[in-house]
Amino acid sequence: MTPGVISLPVEFANALALAGGRLGLLGRQIRWYPRVGSTNDVATTLAEQGADEGAVVVADQQTAGRGRLGRTWVSPPGAGIYVSVVLRPSPREAALLTIAAGVAVADGVRSATGLEVQLKWPNDAHVNGRKLAGILAEGAPSYVVLGVGINVLPAAYPPEVARLATSIEAELGRSVDRGLLLAECLAALAARYGQVTDGDARGVVAAWRERAASTLGRRVEWEAGGRSRIGLADDIDEDGALLVRSGSELVRITSGEVRWV
Ligand code: BTN
C-alpha cells in the first residue's frame with residue numbers, strides 16, 4: 001500500500017459502495033489519507049506519474065490546504081470534505097470544468113443533506129452570503145486536478161475565516177453523514193463531467209444559472225489594466241466566462257477575482 005494511505009473508514013466505504021455505478025470513472029481508484037499537506041498535491045503527483053483519469057484522493061485533514069489566488073484553505077481533522085480528482089479533459093472541456101464542478105457540489109450537498117447552496121462565479125458555494133465550499137482547479141495540459149473543500153462542521157476556524165464562512169451543520173443545526181456527502185458529490189461530479197465531455201455545455205451553463213440566481217444581477221468589482229472597475233453580473237457564457245455589464249460595455253471575465261459589492 002502507498003505510504004500514508006489506509007483503507008477507507010467504514011462511513012465512507014459504505015456510502016461509496018452504495019453509490020456504486022453512479023460514481024462512474026470516479027469510483028475506480030479512491031485513496032484515503034488521515035492527514036496530508038494538500039490533496040491537490042497528492043493528486044498532482046499521481047497525475048504526473050500517469051494515473052488514470054478519475055483517480056480520487058480524500059483526506060481527513062490537510063496541513064497545507066490551498067484555496068484560489070494563493071489563499072489558505074483551513075482543513076481541521078474530521079471537519080470537512082477535502083477531496084481532489086484527476087481528470088484529463090480536452091482544452092475546450094477544461095474551460096467549463098470549474099463551472100460544472102460548482103454545479104456538482106451544489107447538487108451533491110442538496111442530495112446528501114437537503115441544504116440549498118447558491119453559486120458565485122466561478123464556483124464558490126455560499127449559504128446566506130457565507131462561503132460553504134470552494135473549488136481549486138490546477139493542472140498542466142495533459143490533466144486537471146480538481147480539488148473540492150466543503151465545510152461540514154463549525155470547526156475552530158481562525159476569526160478571519162469564521163466571519164466569512166459557514167458549514168453544513170451550522171446551517172442545518174444537525175449532524176450530517178460525511179460518507180454520504182462525499183459519495184453524492186462524487187456521483188454528481190461524475191454526472192456533470194459526463195455532460196461536459198458529451199458536449200452539453202448549454203445544459204451545464206443552464207444548471208449553473210439556476211443555482212446562481214441570487215448572485216446574477218448583483219454589483220461586482222474587479223481589477224483590469226491596473227484599475228478597479230464596477231459593473232452588474234449579467235450571465236456566464238458557454239466557456240464559463242462571467243459577462244458583466246459596465247456602462248454600455250459587456251465585459252467578459254475569464255479569470256481572477258471578482259468581489260460582490
Ligand atoms: C477556494 O475557494 O479558494 C478553493 C478551495 C479549495 C480547497 C480544496 S480542499 C481539497 C483540495 N486541496 C487543497 O489544497 N485545496 C483543495
# chains A, B, ... in the order shown; residues from 1 in each chain; ligands from 1

$ residues_near_ligand --ligand "ligand 1" --cutoff "6 Å" --atoms "only C-alpha atoms and all ligand atoms" --output "ChimeraX atom specification"
/A:38-40,65-68,73,82-84,124,134-136,147-149

$ closest_residue --among "A:Ala112, A:Val127, A:Val117, A:Ala55" --to "Glu210 (chain A)" --atoms "only C-alpha atoms"
A:Val117

$ closest_residue --among "A:Thr113, A:Asn14, A:Ser255, A:Thr98" --to "Leu181 (chain A)" --atoms "only C-alpha atoms"
A:Thr113

$ closest_residue --among "A:Glu93, A:Glu53, A:Glu160, A:Glu116" --to "Val74 (chain A)" --atoms "only C-alpha atoms"
A:Glu160

$ closest_residue --among "A:Ser90, A:Thr166, A:Thr197, A:Ser228" --to "Val144 (chain A)" --atoms "only C-alpha atoms"
A:Ser90

$ closest_residue --among "A:Gly54, A:Gly226, A:Pro34, A:Pro76" --to "Ala190 (chain A)" --atoms "only C-alpha atoms"
A:Gly54

$ residues_around --residues "Lys131 (chain A)" --least-positions-apart "3" --cutoff "6 Å" --atoms "only C-alpha atoms" --output "MDAnalysis selection string"
chainID A and resid 125:126 165:166

$ select_by_dssp --residues "region 48-128 of chain A" --states "strand (DSSP E)" --output "short mmCIF file (atom, residue, chain, number, x, y, z; two decimals) with C-alpha atoms, in the first residue's frame"
data_model
loop_
_atom_site.label_atom_id
_atom_site.label_comp_id
_atom_site.auth_asym_id
_atom_site.auth_seq_id
_atom_site.Cartn_x
_atom_site.Cartn_y
_atom_site.Cartn_z
CA VAL A 56 -9.61 10.33 -6.31
CA VAL A 57 -7.64 11.46 -3.22
CA VAL A 58 -9.55 12.11 0.03
CA ALA A 59 -8.12 13.22 3.38
CA GLY A 80 -14.86 18.87 6.21
CA ILE A 81 -14.60 17.09 2.90
CA TYR A 82 -11.16 17.55 1.34
CA VAL A 83 -11.04 15.74 -1.97
CA SER A 84 -9.16 16.01 -5.27
CA VAL A 85 -9.83 14.28 -8.55
CA VAL A 86 -7.54 13.72 -11.54
CA LEU A 87 -9.29 14.49 -14.84
CA GLN A 118 -26.03 29.38 -4.13
CA LEU A 119 -23.10 29.58 -6.55
CA LYS A 120 -20.94 32.65 -7.02
CA ASP A 124 -17.90 29.26 -4.72
CA ALA A 125 -20.81 27.68 -2.87
CA HIS A 126 -22.50 30.06 -0.43
CA VAL A 127 -25.38 29.96 2.04
#
